Every structure is written in structure tokens, then in C-alpha cells.
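Chemist: Next comes query.tsv, TSV, C-alpha atoms and all ligand atoms:
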chain	number	residue	atom	x	y	z
A	18	MET	CA	-11.80	36.32	-18.42
A	19	PRO	CA	-9.15	35.65	-15.72
A	20	GLN	CA	-6.25	33.47	-16.82
A	21	SER	CA	-7.11	29.78	-16.60
A	22	LYS	CA	-5.22	27.93	-13.88
A	23	LEU	CA	-5.96	24.58	-15.55
A	24	PHE	CA	-3.97	25.81	-18.55
A	25	THR	CA	-1.08	27.29	-16.59
A	26	GLU	CA	2.23	25.42	-16.73
A	27	ILE	CA	3.28	23.37	-13.74
A	28	THR	CA	6.57	21.70	-12.87
A	29	VAL	CA	6.21	18.25	-11.33
A	30	PRO	CA	9.13	17.74	-8.97
A	31	THR	CA	11.75	15.09	-9.47
A	32	ARG	CA	14.32	13.85	-6.99
A	33	SER	CA	17.10	15.61	-8.93
A	34	GLY	CA	15.33	18.90	-8.32
A	35	GLU	CA	14.93	20.07	-11.90
A	36	GLY	CA	11.39	18.76	-12.36
A	37	LEU	CA	9.22	17.85	-15.33
A	38	LYS	CA	7.53	20.83	-16.91
A	39	LEU	CA	3.91	20.25	-18.02
A	40	ARG	CA	2.22	22.73	-20.34
A	41	ASN	CA	-1.07	22.47	-18.43
A	42	ARG	CA	-2.76	20.35	-15.74
A	43	VAL	CA	-4.86	18.07	-17.92
A	44	VAL	CA	-3.67	14.46	-17.80
A	45	LEU	CA	-4.70	11.46	-19.87
A	46	PRO	CA	-5.08	8.59	-17.37
A	47	PRO	CA	-4.04	5.06	-18.29
A	48	MET	CA	-6.71	3.23	-20.27
A	49	CYS	CA	-6.28	-0.36	-21.49
A	50	GLN	CA	-6.86	-0.65	-25.22
A	51	TYR	CA	-6.80	-4.46	-25.51
A	52	SER	CA	-5.09	-3.92	-28.84
A	53	VAL	CA	-1.91	-5.96	-28.73
A	54	GLU	CA	-2.18	-8.11	-31.83
A	55	LYS	CA	0.07	-11.09	-31.23
A	56	HIS	CA	-0.54	-11.69	-27.53
A	57	ASP	CA	3.10	-10.74	-26.92
A	58	GLY	CA	2.75	-7.50	-24.96
A	59	VAL	CA	4.15	-5.45	-27.85
A	60	PRO	CA	2.37	-2.11	-28.45
A	61	THR	CA	1.10	-1.54	-31.97
A	62	THR	CA	0.28	1.25	-34.42
A	63	TRP	CA	-3.04	1.60	-32.55
A	64	HIS	CA	-1.14	2.65	-29.42
A	65	LEU	CA	0.85	5.16	-31.46
A	66	ALA	CA	-2.28	6.62	-33.05
A	67	HIS	CA	-4.32	6.63	-29.83
A	68	LEU	CA	-1.69	8.11	-27.51
A	69	GLY	CA	-0.36	10.38	-30.26
A	70	SER	CA	-3.79	11.87	-30.88
A	71	MET	CA	-4.04	12.71	-27.19
A	72	ALA	CA	-0.64	14.43	-27.32
A	73	HIS	CA	-1.80	16.70	-30.09
A	74	GLY	CA	-5.21	16.91	-28.48
A	75	GLY	CA	-3.65	19.23	-25.91
A	76	TYR	CA	-3.02	16.96	-22.90
A	77	SER	CA	0.17	17.79	-21.02
A	78	LEU	CA	0.84	14.29	-19.72
A	79	VAL	CA	-0.22	11.22	-21.66
A	80	ILE	CA	-0.08	8.04	-19.57
A	81	ALA	CA	-0.06	4.75	-21.44
A	82	GLU	CA	-2.32	1.94	-20.25
A	83	ALA	CA	-1.67	-0.62	-17.50
A	84	THR	CA	1.50	-2.21	-18.87
A	85	ALA	CA	2.46	-5.51	-17.31
A	86	VAL	CA	5.76	-6.00	-15.52
A	87	ALA	CA	5.51	-9.77	-16.13
A	88	ALA	CA	3.60	-11.92	-18.64
A	89	GLU	CA	1.41	-13.52	-15.97
A	90	GLY	CA	0.45	-10.04	-14.69
A	91	ARG	CA	-1.52	-9.06	-17.79
A	92	ILE	CA	-5.23	-8.43	-17.32
A	93	SER	CA	-5.73	-9.96	-20.77
A	94	ASP	CA	-3.59	-11.43	-23.53
A	95	ARG	CA	-4.04	-8.16	-25.42
A	96	ASP	CA	-2.34	-5.99	-22.78
A	97	THR	CA	0.95	-4.22	-23.34
A	98	GLY	CA	4.09	-5.18	-21.43
A	99	LEU	CA	7.55	-4.01	-20.47
A	100	TRP	CA	9.27	-7.25	-19.60
A	101	ASN	CA	11.40	-7.75	-22.72
A	102	ASP	CA	13.52	-5.97	-25.32
A	103	GLU	CA	11.01	-6.22	-28.16
A	104	GLN	CA	8.38	-4.39	-26.11
A	105	THR	CA	10.91	-1.77	-25.01
A	106	GLU	CA	11.88	-1.07	-28.64
A	107	ALA	CA	8.24	-0.86	-29.73
A	108	TRP	CA	7.48	1.84	-27.13
A	109	LYS	CA	10.31	4.08	-28.37
A	110	PRO	CA	8.59	5.64	-31.42
A	111	ILE	CA	5.45	6.14	-29.29
A	112	THR	CA	7.20	8.10	-26.53
A	113	LYS	CA	9.14	10.04	-29.17
A	114	TYR	CA	5.91	11.00	-30.94
A	115	ILE	CA	4.15	12.05	-27.73
A	116	ARG	CA	7.08	14.21	-26.68
A	117	SER	CA	7.47	15.75	-30.15
A	118	HIS	CA	3.95	17.15	-29.70
A	119	GLY	CA	4.75	18.94	-26.45
A	120	ALA	CA	3.35	16.39	-24.01
A	121	ALA	CA	5.21	14.33	-21.42
A	122	ALA	CA	5.05	10.55	-21.85
A	123	GLY	CA	4.03	8.40	-18.90
A	124	VAL	CA	3.33	4.71	-18.49
A	125	GLN	CA	1.43	2.85	-15.81
A	126	LEU	CA	3.34	-0.22	-14.64
A	127	ALA	CA	0.98	-2.95	-13.52
A	128	HIS	CA	0.44	-6.50	-12.32
A	129	ALA	CA	-3.11	-7.80	-12.28
A	130	GLY	CA	-2.50	-10.64	-9.79
A	131	ALA	CA	-5.72	-12.62	-9.31
A	132	LYS	CA	-7.42	-10.39	-11.87
A	133	ALA	CA	-5.07	-11.51	-14.67
A	134	SER	CA	-5.86	-13.92	-17.51
A	135	THR	CA	-9.25	-12.42	-18.41
A	136	TYR	CA	-10.66	-11.74	-21.86
A	137	GLY	CA	-10.43	-7.96	-21.44
A	138	TRP	CA	-13.26	-5.52	-21.79
A	139	LEU	CA	-14.04	-4.93	-25.45
A	140	LYS	CA	-17.70	-4.81	-26.46
A	141	GLU	CA	-17.18	-7.50	-29.11
A	142	PHE	CA	-15.86	-9.91	-26.43
A	143	GLU	CA	-18.84	-9.23	-24.17
A	144	GLU	CA	-21.25	-9.80	-27.03
A	145	ALA	CA	-19.55	-13.13	-27.75
A	146	GLY	CA	-19.99	-14.11	-24.07
A	147	LYS	CA	-16.26	-13.84	-23.44
A	148	ILE	CA	-16.42	-12.43	-19.93
A	149	GLY	CA	-14.14	-13.22	-16.99
A	150	SER	CA	-11.29	-15.74	-16.94
A	151	ILE	CA	-9.92	-17.00	-20.27
A	152	SER	CA	-10.58	-20.73	-20.57
A	153	ASP	CA	-7.61	-23.12	-20.52
A	154	GLU	CA	-8.33	-24.14	-24.13
A	155	GLU	CA	-8.05	-20.52	-25.19
A	156	GLY	CA	-4.70	-20.00	-23.48
A	157	GLY	CA	-5.64	-18.94	-19.93
A	158	TRP	CA	-2.67	-18.96	-17.55
A	159	GLU	CA	-2.01	-19.47	-13.84
A	160	THR	CA	-2.66	-16.35	-11.76
A	161	PHE	CA	-1.05	-15.30	-8.46
A	162	THR	CA	-2.19	-13.23	-5.50
A	163	SER	CA	-1.65	-12.31	-1.85
A	164	THR	CA	-4.35	-14.71	-0.59
A	165	PRO	CA	-6.68	-16.79	-2.79
A	166	SER	CA	-10.16	-15.27	-2.59
A	167	GLU	CA	-13.63	-15.49	-4.10
A	168	LEU	CA	-13.81	-11.69	-4.15
A	169	TYR	CA	-12.92	-11.35	-7.82
A	170	GLY	CA	-15.45	-13.72	-9.35
A	171	LEU	CA	-12.63	-15.23	-11.43
A	172	LYS	CA	-10.81	-18.54	-11.51
A	173	PRO	CA	-8.83	-19.30	-8.31
A	174	ALA	CA	-5.38	-17.74	-8.06
A	175	THR	CA	-2.31	-19.23	-6.37
A	176	GLU	CA	-0.98	-17.74	-3.14
A	177	MET	CA	2.47	-16.24	-3.75
A	178	THR	CA	5.37	-17.59	-1.75
A	179	VAL	CA	7.78	-15.12	-0.14
A	180	GLU	CA	10.30	-16.01	-2.83
A	181	GLN	CA	7.75	-15.26	-5.56
A	182	ILE	CA	6.94	-11.94	-3.92
A	183	GLN	CA	10.60	-11.01	-3.90
A	184	ASP	CA	11.06	-12.06	-7.54
A	185	SER	CA	8.04	-9.97	-8.40
A	186	VAL	CA	9.59	-6.89	-6.74
A	187	GLN	CA	12.54	-7.38	-9.10
A	188	ASP	CA	10.13	-7.53	-12.08
A	189	TRP	CA	8.83	-4.05	-11.18
A	190	ALA	CA	12.35	-2.67	-11.00
A	191	ASP	CA	13.32	-4.30	-14.31
A	192	ALA	CA	10.22	-2.86	-15.98
A	193	ALA	CA	11.04	0.60	-14.61
A	194	LYS	CA	14.50	0.34	-16.16
A	195	ARG	CA	12.93	-0.60	-19.48
A	196	ALA	CA	10.44	2.28	-19.20
A	197	ASP	CA	13.39	4.64	-18.88
A	198	GLU	CA	15.10	3.09	-21.90
A	199	ALA	CA	11.86	3.36	-23.87
A	200	GLY	CA	11.82	7.12	-23.30
A	201	PHE	CA	9.10	7.59	-20.70
A	202	ASP	CA	9.29	10.73	-18.50
A	203	LEU	CA	7.05	9.32	-15.76
A	204	ILE	CA	6.03	5.96	-14.39
A	205	GLN	CA	2.89	5.38	-12.41
A	206	ILE	CA	2.81	2.31	-10.17
A	207	HIS	CA	-0.67	0.76	-10.34
A	208	ALA	CA	-1.71	0.24	-6.73
A	209	ALA	CA	-5.44	0.62	-7.41
A	210	HIS	CA	-8.57	-1.13	-8.72
A	211	GLY	CA	-8.11	-4.50	-7.04
A	212	TYR	CA	-4.98	-5.50	-8.93
A	213	LEU	CA	-1.98	-7.20	-7.32
A	214	VAL	CA	-0.59	-4.34	-5.21
A	215	HIS	CA	-4.09	-3.50	-3.98
A	216	GLN	CA	-4.65	-7.23	-3.28
A	217	PHE	CA	-1.80	-6.92	-0.76
A	218	LEU	CA	-2.92	-3.55	0.67
A	219	SER	CA	-6.55	-4.29	1.43
A	220	PRO	CA	-7.45	-6.27	4.55
A	221	LEU	CA	-10.39	-7.67	2.56
A	222	SER	CA	-8.09	-9.53	0.18
A	223	ASN	CA	-4.92	-10.05	2.22
A	224	LYS	CA	-5.33	-12.68	4.93
A	225	ARG	CA	-1.68	-13.72	5.08
A	226	THR	CA	-0.09	-14.51	8.41
A	227	ASP	CA	3.53	-13.95	7.34
A	228	GLU	CA	5.43	-10.65	7.07
A	229	TYR	CA	3.30	-9.63	4.03
A	230	GLY	CA	-0.06	-9.78	5.79
A	231	GLY	CA	-1.89	-8.77	8.96
A	232	SER	CA	-0.81	-5.35	10.21
A	233	PHE	CA	-0.75	-2.18	8.09
A	234	GLU	CA	3.04	-2.39	8.12
A	235	ASN	CA	2.93	-5.92	6.70
A	236	ARG	CA	0.18	-5.34	4.11
A	237	THR	CA	2.09	-2.35	2.72
A	238	ARG	CA	5.45	-4.18	2.68
A	239	TYR	CA	5.16	-5.43	-0.92
A	240	LEU	CA	4.39	-1.89	-2.16
A	241	ARG	CA	7.16	-0.36	-0.05
A	242	GLU	CA	9.63	-2.88	-1.46
A	243	ILE	CA	8.48	-2.16	-5.02
A	244	ILE	CA	8.90	1.59	-4.56
A	245	LYS	CA	12.35	1.22	-3.02
A	246	ALA	CA	13.50	-1.14	-5.80
A	247	VAL	CA	12.05	1.07	-8.53
A	248	ALA	CA	13.48	4.27	-7.01
A	249	ALA	CA	16.93	2.65	-7.06
A	250	VAL	CA	16.85	2.26	-10.86
A	251	TRP	CA	14.46	5.00	-12.06
A	252	PRO	CA	16.47	8.14	-12.98
A	253	GLU	CA	16.36	10.94	-10.41
A	254	ASN	CA	15.42	13.46	-13.11
A	255	LYS	CA	12.22	11.58	-14.00
A	256	VAL	CA	8.91	11.48	-12.13
A	257	LEU	CA	7.96	8.56	-9.92
A	258	GLY	CA	4.19	8.31	-9.53
A	259	ILE	CA	1.48	6.07	-8.10
A	260	ARG	CA	-2.23	5.48	-8.53
A	261	PHE	CA	-4.17	4.47	-5.43
A	262	SER	CA	-7.64	3.34	-4.74
A	263	GLY	CA	-8.06	5.88	-1.95
A	264	GLU	CA	-10.99	3.88	-0.56
A	265	ASP	CA	-12.36	0.38	-1.07
A	266	TRP	CA	-15.74	1.88	-0.10
A	267	VAL	CA	-16.40	-1.41	1.71
A	268	ASP	CA	-16.79	-1.89	5.49
A	269	ASP	CA	-13.48	-2.91	7.08
A	270	GLY	CA	-11.64	-2.35	3.80
A	271	TRP	CA	-8.72	-0.13	2.81
A	272	GLY	CA	-9.59	3.51	3.52
A	273	ILE	CA	-8.42	7.06	3.03
A	274	ALA	CA	-6.57	7.16	6.37
A	275	ASP	CA	-4.50	4.16	5.19
A	276	THR	CA	-3.89	5.83	1.84
A	277	ILE	CA	-2.66	9.03	3.48
A	278	ARG	CA	-0.40	7.10	5.82
A	279	ILE	CA	1.34	5.17	3.02
A	280	ALA	CA	1.37	8.19	0.65
A	281	LYS	CA	3.38	10.18	3.21
A	282	GLU	CA	5.83	7.34	3.56
A	283	LEU	CA	6.22	6.90	-0.20
A	284	TYR	CA	6.80	10.64	-0.62
A	285	GLY	CA	9.83	10.02	1.57
A	286	TYR	CA	11.11	7.48	-0.96
A	287	GLY	CA	10.74	9.95	-3.85
A	288	VAL	CA	7.17	9.48	-5.12
A	289	ARG	CA	5.89	12.87	-6.31
A	290	HIS	CA	2.83	12.14	-8.44
A	291	PHE	CA	-0.26	10.74	-6.71
A	292	ASP	CA	-3.45	9.94	-8.65
A	293	LEU	CA	-6.53	9.16	-6.57
A	294	SER	CA	-9.03	6.66	-7.85
A	295	SER	CA	-11.06	4.20	-5.75
A	296	ALA	CA	-12.57	0.73	-5.35
A	297	GLY	CA	-11.84	-2.59	-7.09
A	298	ILE	CA	-12.09	-5.07	-4.22
A	299	GLY	CA	-15.36	-6.27	-2.73
A	300	LYS	CA	-18.89	-4.97	-3.20
A	301	PHE	CA	-18.69	-1.21	-3.83
A	302	LYS	CA	-20.89	0.81	-1.48
A	303	GLY	CA	-19.53	4.23	-2.34
A	304	PRO	CA	-20.66	7.47	-3.93
A	305	SER	CA	-20.83	8.20	-7.65
A	306	GLY	CA	-21.52	11.16	-9.91
A	307	PRO	CA	-19.49	14.13	-11.13
A	308	GLY	CA	-16.14	14.46	-9.38
A	309	TYR	CA	-17.02	11.83	-6.76
A	310	GLN	CA	-13.38	10.90	-6.13
A	311	VAL	CA	-12.11	14.49	-5.88
A	312	PRO	CA	-12.36	14.53	-2.03
A	313	LEU	CA	-9.89	11.61	-1.98
A	314	ALA	CA	-7.37	13.68	-3.98
A	315	GLN	CA	-7.94	16.65	-1.71
A	316	ALA	CA	-7.40	14.58	1.45
A	317	VAL	CA	-4.08	13.28	0.13
A	318	LYS	CA	-3.01	16.70	-1.17
A	319	ASP	CA	-3.74	18.30	2.21
A	320	SER	CA	-1.52	15.71	3.94
A	321	LEU	CA	1.55	15.88	1.69
A	322	PRO	CA	4.23	18.53	1.21
A	323	GLN	CA	3.03	21.22	-1.19
A	324	ASP	CA	5.21	20.19	-4.12
A	325	ALA	CA	3.52	16.79	-4.58
A	326	PHE	CA	1.54	16.66	-7.84
A	327	VAL	CA	-1.84	15.22	-6.84
A	328	THR	CA	-4.41	14.54	-9.54
A	329	ALA	CA	-8.12	13.83	-9.30
A	330	VAL	CA	-9.97	11.45	-11.60
A	331	GLY	CA	-13.49	10.16	-12.18
A	332	VAL	CA	-16.43	11.73	-13.99
A	333	ILE	CA	-14.66	15.00	-14.66
A	334	THR	CA	-16.16	15.90	-18.00
A	335	GLU	CA	-16.63	19.66	-18.18
A	336	PRO	CA	-13.88	22.30	-18.60
A	337	VAL	CA	-15.38	24.57	-15.94
A	338	GLN	CA	-15.63	21.65	-13.53
A	339	ALA	CA	-11.94	20.84	-14.11
A	340	GLU	CA	-10.94	24.49	-13.73
A	341	HIS	CA	-12.88	24.69	-10.45
A	342	ILE	CA	-11.07	21.64	-9.03
A	343	VAL	CA	-7.63	23.21	-9.53
A	344	VAL	CA	-8.61	26.81	-8.71
A	345	THR	CA	-10.06	25.73	-5.38
A	346	GLY	CA	-6.93	23.70	-4.61
A	347	GLN	CA	-8.72	20.36	-4.38
A	348	ALA	CA	-6.09	18.86	-6.70
A	349	ASP	CA	-3.11	20.04	-8.74
A	350	GLY	CA	-4.37	18.47	-11.94
A	351	VAL	CA	-7.20	16.43	-13.40
A	352	SER	CA	-7.24	13.15	-15.31
A	353	ILE	CA	-9.83	12.99	-18.07
A	354	GLY	CA	-10.57	9.43	-19.16
A	355	ARG	CA	-13.76	8.49	-20.98
A	356	ALA	CA	-14.41	12.07	-22.10
A	357	ALA	CA	-11.06	11.86	-23.92
A	358	LEU	CA	-12.12	8.68	-25.71
A	359	GLY	CA	-15.20	10.55	-26.90
A	360	ASP	CA	-13.11	13.53	-27.94
A	361	PRO	CA	-9.32	13.22	-28.20
A	362	GLN	CA	-9.27	17.03	-28.60
A	363	TRP	CA	-10.96	17.49	-25.19
A	364	ALA	CA	-8.01	19.41	-23.74
A	365	ASN	CA	-7.83	21.80	-26.67
A	366	ARG	CA	-11.57	22.38	-26.57
A	367	ALA	CA	-11.33	23.08	-22.84
A	368	ALA	CA	-8.51	25.55	-23.49
A	369	LYS	CA	-10.68	27.37	-26.00
A	370	GLU	CA	-13.62	27.47	-23.59
A	371	LEU	CA	-11.39	28.82	-20.83
A	372	GLY	CA	-9.69	31.40	-23.05
A	373	ALA	CA	-6.27	29.71	-23.03
A	374	PRO	CA	-3.98	29.02	-26.01
A	375	LEU	CA	-4.58	25.81	-27.94
A	376	ALA	CA	-1.94	23.16	-28.55
A	377	PHE	CA	-3.01	22.22	-32.08
A	378	PRO	CA	-0.29	20.59	-34.16
A	379	ALA	CA	0.95	22.84	-36.99
A	380	GLN	CA	-0.99	20.80	-39.54
A	381	TYR	CA	-4.30	21.58	-37.81
A	382	TRP	CA	-3.84	25.35	-37.62
A	383	ARG	CA	-7.04	25.93	-39.59
A	384	GLY	CA	-9.03	23.69	-37.26
A	385	ARG	CA	-12.32	25.11	-35.97
A	386	TRP	CA	-15.14	23.88	-33.80
B	1	LIG	C1	-9.80	2.49	-17.64
B	1	LIG	N1	-9.24	2.76	-16.40
B	1	LIG	C2	-7.98	2.27	-16.12
B	1	LIG	N2	-7.39	2.59	-14.93
B	1	LIG	C3	-6.11	2.23	-14.69
B	1	LIG	O1	-5.59	2.54	-13.62
B	1	LIG	N3	-5.40	1.52	-15.62
B	1	LIG	C4	-5.93	1.16	-16.82
B	1	LIG	O2	-5.25	0.60	-17.67
B	1	LIG	C5	-7.29	1.49	-17.05
B	1	LIG	N4	-7.93	1.08	-18.19
B	1	LIG	C6	-9.15	1.63	-18.54
B	1	LIG	C7	-9.70	1.39	-19.80
B	1	LIG	C8	-10.88	2.02	-20.18
B	1	LIG	C9	-11.42	1.78	-21.56
B	1	LIG	C10	-11.52	2.88	-19.28
B	1	LIG	C11	-12.79	3.61	-19.68
B	1	LIG	C12	-11.02	3.09	-18.03
B	1	LIG	C13	-9.83	3.76	-15.50
B	1	LIG	C14	-9.50	5.18	-15.99
B	1	LIG	O3	-8.11	5.43	-15.93
B	1	LIG	C15	-10.24	6.24	-15.15
B	1	LIG	O4	-9.79	6.15	-13.84
B	1	LIG	C16	-11.75	6.04	-15.19
B	1	LIG	O5	-12.20	5.89	-16.52
B	1	LIG	C17	-12.48	7.19	-14.53
B	1	LIG	O6	-12.24	8.41	-15.17
B	1	LIG	P1	-13.31	9.03	-16.22
B	1	LIG	O7	-13.41	8.08	-17.36
B	1	LIG	O8	-14.59	9.17	-15.48
B	1	LIG	O9	-12.70	10.34	-16.62
What is this structure when it is put down as C-alpha cells?
Modeler:
Amino acid sequence: MPQSKLFTEITVPTRSGEGLKLRNRVVLPPMCQYSVEKHDGVPTTWHLAHLGSMAHGGYSLVIAEATAVAAEGRISDRDTGLWNDEQTEAWKPITKYIRSHGAAAGVQLAHAGAKASTYGWLKEFEEAGKIGSISDEEGGWETFTSTPSELYGLKPATEMTVEQIQDSVQDWADAAKRADEAGFDLIQIHAAHGYLVHQFLSPLSNKRTDEYGGSFENRTRYLREIIKAVAAVWPENKVLGIRFSGEDWVDDGWGIADTIRIAKELYGYGVRHFDLSSAGIGKFKGPSGPGYQVPLAQAVKDSLPQDAFVTAVGVITEPVQAEHIVVTGQADGVSIGRAALGDPQWANRAAKELGAPLAFPAQYWRGRW
């Protein structure tokens, strides 16, 4: 069997030049766990166990869930945060554990904007009818956005003033500083799935007439300011990444040409990891099925300098499918989400199937399938 490319090391570039070495190209994408116990944004033993099991499940880069840069930016009151010292301290043993098992530790920094203050998406909440915005009696909070809109099917959000936008840019930079202190090797700015950054990017959701709305230049201003502010505080020897919705898949929405245009610009500011998801605003009219978002990753990869680390995500479930994506140069790596929840040892099993060495922890050396 030829050597697996999926399980060949890769160095993700950093601005300092030395790069972040990954033992393979299988990434755990951010996945909200809705498991913060005291509604205080502090990660718990669940986060340690969940992310830790992925580290010794063979993933090379384990990215922690959408972690809010400000309290009002949480999707739910059970989301993690990085806006205070207590949260920063609580992440430290988690990043240490991930790294001690040979994986790099990443975190997705996020602000949900108009999609904040919801119950979150656990089955038990759905079964109890707790869907959508948290009621005021149960502690719902004011939400903020680019332009108030009915698109989200949630309670109305408040339009951000220019001053609030600028304060928010500072929140992202402060959270990046805390992510560094907490021991993360990589941050991923969440610009996808209809959350706050995407609410500014998409012409469907941004109807502003000031310098943050209208033209492409104006709709991308908030993101550009975030990246510049974050790059100023995020260490040059760590990886700066972003997740885009490459397409709204809605007529007159944000599209792949827009994504490529801003991706090129952000590369210039030091972004080196690009993860390509899609949708989140408006009525989805796109494709689905195995690997349906891979062409978005390929389009971005083909437009950027070769050293960018571009990952594909979405219904990638089979080792051979993942191997094919990297061998054919459609992406540099793959993110495996729900398949990892079903099997935290997915990456090790894929290594076995592809004839590559496993990354079992020492304690599991007798493990067999
Ligand atoms: C997600 N997803 C997600 N995406 C993101 O950018 N930030 C997040 O915090 C979450 N949270 C989340 C929770 C859960 C339980 C799931 C299943 C998904 C989306 C996820 O990262 C991924 O893009 C999709 O799941 C598609 O990939 P798979 O699952 O088809 O491999």
C-alpha cells in the first residue's frame, strides 16, 4: 500500500516562519458541547474528557468549540468563553492535556450576534420544547447584530452602533490574548454559519448605510478590523486561522468569489489556516451529500499561496474519502465532525485502514478493533 498522505506530517506556517507541526492532516472541527455548568463560560471536566479523547484518538489538531469573546456573544448560556481570567485558567489543563498527547490545541473564537441567547441544541432541550431564543424569565439577554433582521427566526436583535462595533473588535483581540495565555497553538476566527461576522459579510443580513455596510469593502470592514487587531496581539509563532461560510447558497447572498477575495486579503495580514464550511443565513438552496463543501475548499486553496493550510469539512466520514481529498489536492487537510462524535478513535481507525502508524496513548497499546 502506498504511504498515506492523510497521515503524513504537515507544517502549518506561522508568521515567524517556524510553523506548527501536525502529525497528520485530520482535524477535529469546533463543536459546541453546551456543557458549561454554571452559565459562566468556564469549561468543565466534560471539555477535558471530550477534547482529550480526541487528542488520543489520533487527531493532529483538536479545535475547541465556538468560544465567546464576550458574554452577550454566546449562542447559549452553556457555551464556553474567553473573556475573563477564570475561563482562561480553566482552559490551561485542557490545552496541556491535548498537547501532551501529541496533538495541537486550537480554539474557535466566536460571537453569535443575533443568533445569541438561544437554548442551545441538546436533544433534551428540544424534547422539552426549548427551541430558539431563551425567554426573559429564563435569563435571555439582549442580542446585537449588523442590521436587525427576521432571517434568523429568533427574537429581534439590536443594531450595533459604530462605537459598539469598535468595542467588539477589542473583545476579539482580548480573547486572542487570553487564548495565547491559556496555551492554545491556533485560533480560528468564526466567520461562518450566520453568526456575527457572517451577519456583517452577507448582503442578505447587512443593510447598513454607514462604513460597515453596502459595498464589499464596507461589509468586510468589521472582519478586517478583527483580523488586524488579533494579529497585533496573537504571537507570530502561533497559527492564525479562520472558518468561512464559502457560500450562503442563497440568491444574491455571500458567495465563493467574495470568500476568495477576502481570503487573499486576510492571507496578507497573516491568516494561514482556512476552513471552508457554508450557509447559515437565509433559506439554504445548496447541495448536500458526501464531501459537498470540498469544492469550496478547493476554490480557496487554488487562489491562495501554496503554504496556506486549507481544510475541507462536511460529510467526510470514510478514511478513503478523506485520503482522496488530500491526495488529489482538493484540500490540505480534512475536518471530521459528527463521525468523531460517533467514534473518538476515528483518526486512529483511519490510520489503521490506510496502513499508517496509530497514535494510541501508551495505556491503550493492547487496543484492537
Ligand atoms: C457543530 N458545528 C460547529 N461549527 C462551528 O463552526 N462551531 C461550532 O461550535 C460548531 N458546533 C457544532 C456542534 C455540533 C454538535 C455539531 C454536530 C456541529 C459544525 C461542525 O464543526 C461541522 O462543520 C459540521 O458538523 C459538518 O461536519 P461533519 O459533521 O459532517 O463532519
Chemist: With distances taken over all atoms listed in the file, which of A:Arg238, A:Lys369, A:Arg40, A:His210 is nearest to Gln183 (chain A)?
Modeler: A:Arg238
Chemist: As a quick test: using all atoms listed in the file, which residues lie no more than 8 Å away from ligand LIG 1 (chain B)? Give them as a list in words.
Modeler: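 Within the 8 Å cut-off, the matching residues are Leu45, Pro46, Pro47, Met48, Cys49, Gln50, Ala81, Glu82, Ala83, Thr84, Gln125, Trp138, His207, Ala209, His210, Arg260, Ser294, Val330, Gly331, Val332, Ile333, Thr334, Ser352, Ile353, Gly354, Arg355, Ala356, Ala357 and Leu358 of chain A.
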Chemist: Would you pick out the contacts of Ala127 (chain A) at 9 Å or less, using all atoms listed in the file, so that residues sharing its chain but fewer than 4 positions from it are not included, and give the list as a ChimeraX atom specification?
Modeler: /A:82-87,90-91,98,189,205-208,212-214
Chemist: Env of Ile277 (chain A): 12 Å cut, atoms = all atoms listed in the file, seq-sep filter 2 positions within chain, self excluded. Answer as a list in words.
Modeler: Phe261, Ser262, Gly263, Glu264, Trp271, Gly272, Ile273, Ala274, Asp275, Ile279, Ala280, Lys281, Glu282, Leu283, Tyr284, Phe291, Leu293, Leu313, Ala314, Gln315, Ala316, Val317, Lys318, Asp319, Ser320, Leu321 and Pro322 of chain A
Chemist: Report the distance between CA of Asp96 (chain A) and CA of Val53 (chain A) in Å, rounded to one decimal place.
Modeler: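 Distance reported for this atom pair: 6.0 Å.
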Chemist: Using all atoms listed in the file, find the one residue out of A:Gly297, A:Pro307, A:Lys55, A:Pro336 that sits nearest to Phe24 (chain A).
Modeler: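 Of the candidates, the smallest distance to Phe24 (chain A) is held by A:Pro336.
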Chemist: Can you measure CA of Ile80 (chain A) to CA of Ser117 (chain A) for me? One decimal in Å is fine.
Modeler: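 According to the coordinates, CA of Ile80 (chain A) and CA of Ser117 (chain A) are separated by 15.1 Å.
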Chemist: Given only C-alpha atoms as the basis, pick out the residue of A:Met18, A:Leu218, A:Ala367, A:Ala107 nearest to Val59 (chain A).
Modeler: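 That would be A:Ala107, the residue with the smallest distance to Val59 (chain A).
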Chemist: Please provide the set of residues having any atom within 8 Å of Gly149 (chain A), restricted to all atoms listed in the file, with same-chain residues fewer than 3 positions apart removed, written as number ranges by chain.
Modeler: A: 135-137, 170-171
Chemist: Take the residues from that selection and write them out as a PDB file, keeping the file's coordinate frame, keeping C-alpha atoms.
Modeler:
ATOM      1  CA  THR A 135      -9.250 -12.420 -18.410  1.00  0.00           C
ATOM      2  CA  TYR A 136     -10.660 -11.740 -21.860  1.00  0.00           C
ATOM      3  CA  GLY A 137     -10.430  -7.960 -21.440  1.00  0.00           C
ATOM      4  CA  GLY A 170     -15.450 -13.720  -9.350  1.00  0.00           C
ATOM      5  CA  LEU A 171     -12.630 -15.230 -11.430  1.00  0.00           C
TER       6      LEU A 171
END
Chemist: CA of Trp108 (chain A) to CA of Gly200 (chain A): how many Å, to one decimal?
Modeler: 7.8 Å
Chemist: Calculated over only C-alpha atoms, which of the candidates A:Gly258, A:Gly211, A:Gly130, A:Pro165 has the smallest distance to Phe326 (chain A)?
Modeler: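 Ranking A:Gly258, A:Gly211, A:Gly130, A:Pro165 by distance to Phe326 (chain A), first place goes to A:Gly258.
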Chemist: Pick out the residues sitting within 10 Å of region 113-115 of chain A, and hand them over as number ranges by chain; count all atoms listed in the file, and ignore anything fewer than 6 positions along from it in its own chain.
Modeler: A: 65-66, 68-73, 76-79, 121-123, 199-201
Chemist: Pick the closest to Ala348 (chain A) from A:Ser33, A:Ser163, A:Ser232, A:Thr328: which is it, counting only C-alpha atoms?
Modeler: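 With only C-alpha atoms as the atom set, the closest residue is A:Thr328.
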Chemist: Of the residues A:Arg278, A:Arg195, A:Arg383, A:Arg95, which is the one nearest to Glu234 (chain A), using all atoms listed in the file?
Modeler: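 Using all atoms listed in the file, the shortest distance to Glu234 (chain A) belongs to A:Arg278.
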Chemist: Mind rebuilding region 129-137 of chain A with N, CA and C atoms and writing that out as a CSV table (one decimal), keeping the file's coordinate frame?
Modeler:
chain,number,residue,atom,x,y,z
A,129,ALA,N,-1.7,-7.6,-12.6
A,129,ALA,CA,-3.1,-7.8,-12.3
A,129,ALA,C,-3.3,-8.8,-11.2
A,130,GLY,N,-2.3,-9.6,-10.8
A,130,GLY,CA,-2.5,-10.6,-9.8
A,130,GLY,C,-3.6,-11.6,-10.1
A,131,ALA,N,-4.6,-11.7,-9.1
A,131,ALA,CA,-5.7,-12.6,-9.3
A,131,ALA,C,-6.7,-12.2,-10.4
A,132,LYS,N,-6.5,-10.9,-10.8
A,132,LYS,CA,-7.4,-10.4,-11.9
A,132,LYS,C,-6.8,-10.5,-13.3
A,133,ALA,N,-5.7,-11.3,-13.4
A,133,ALA,CA,-5.1,-11.5,-14.7
A,133,ALA,C,-5.8,-12.6,-15.4
A,134,SER,N,-5.3,-12.8,-16.7
A,134,SER,CA,-5.9,-13.9,-17.5
A,134,SER,C,-7.4,-13.8,-17.7
A,135,THR,N,-7.8,-12.6,-18.0
A,135,THR,CA,-9.2,-12.4,-18.4
A,135,THR,C,-9.3,-12.0,-19.9
A,136,TYR,N,-10.5,-12.0,-20.4
A,136,TYR,CA,-10.7,-11.7,-21.9
A,136,TYR,C,-10.4,-10.3,-22.2
A,137,GLY,N,-10.5,-9.4,-21.1
A,137,GLY,CA,-10.4,-8.0,-21.4
A,137,GLY,C,-11.8,-7.4,-21.7
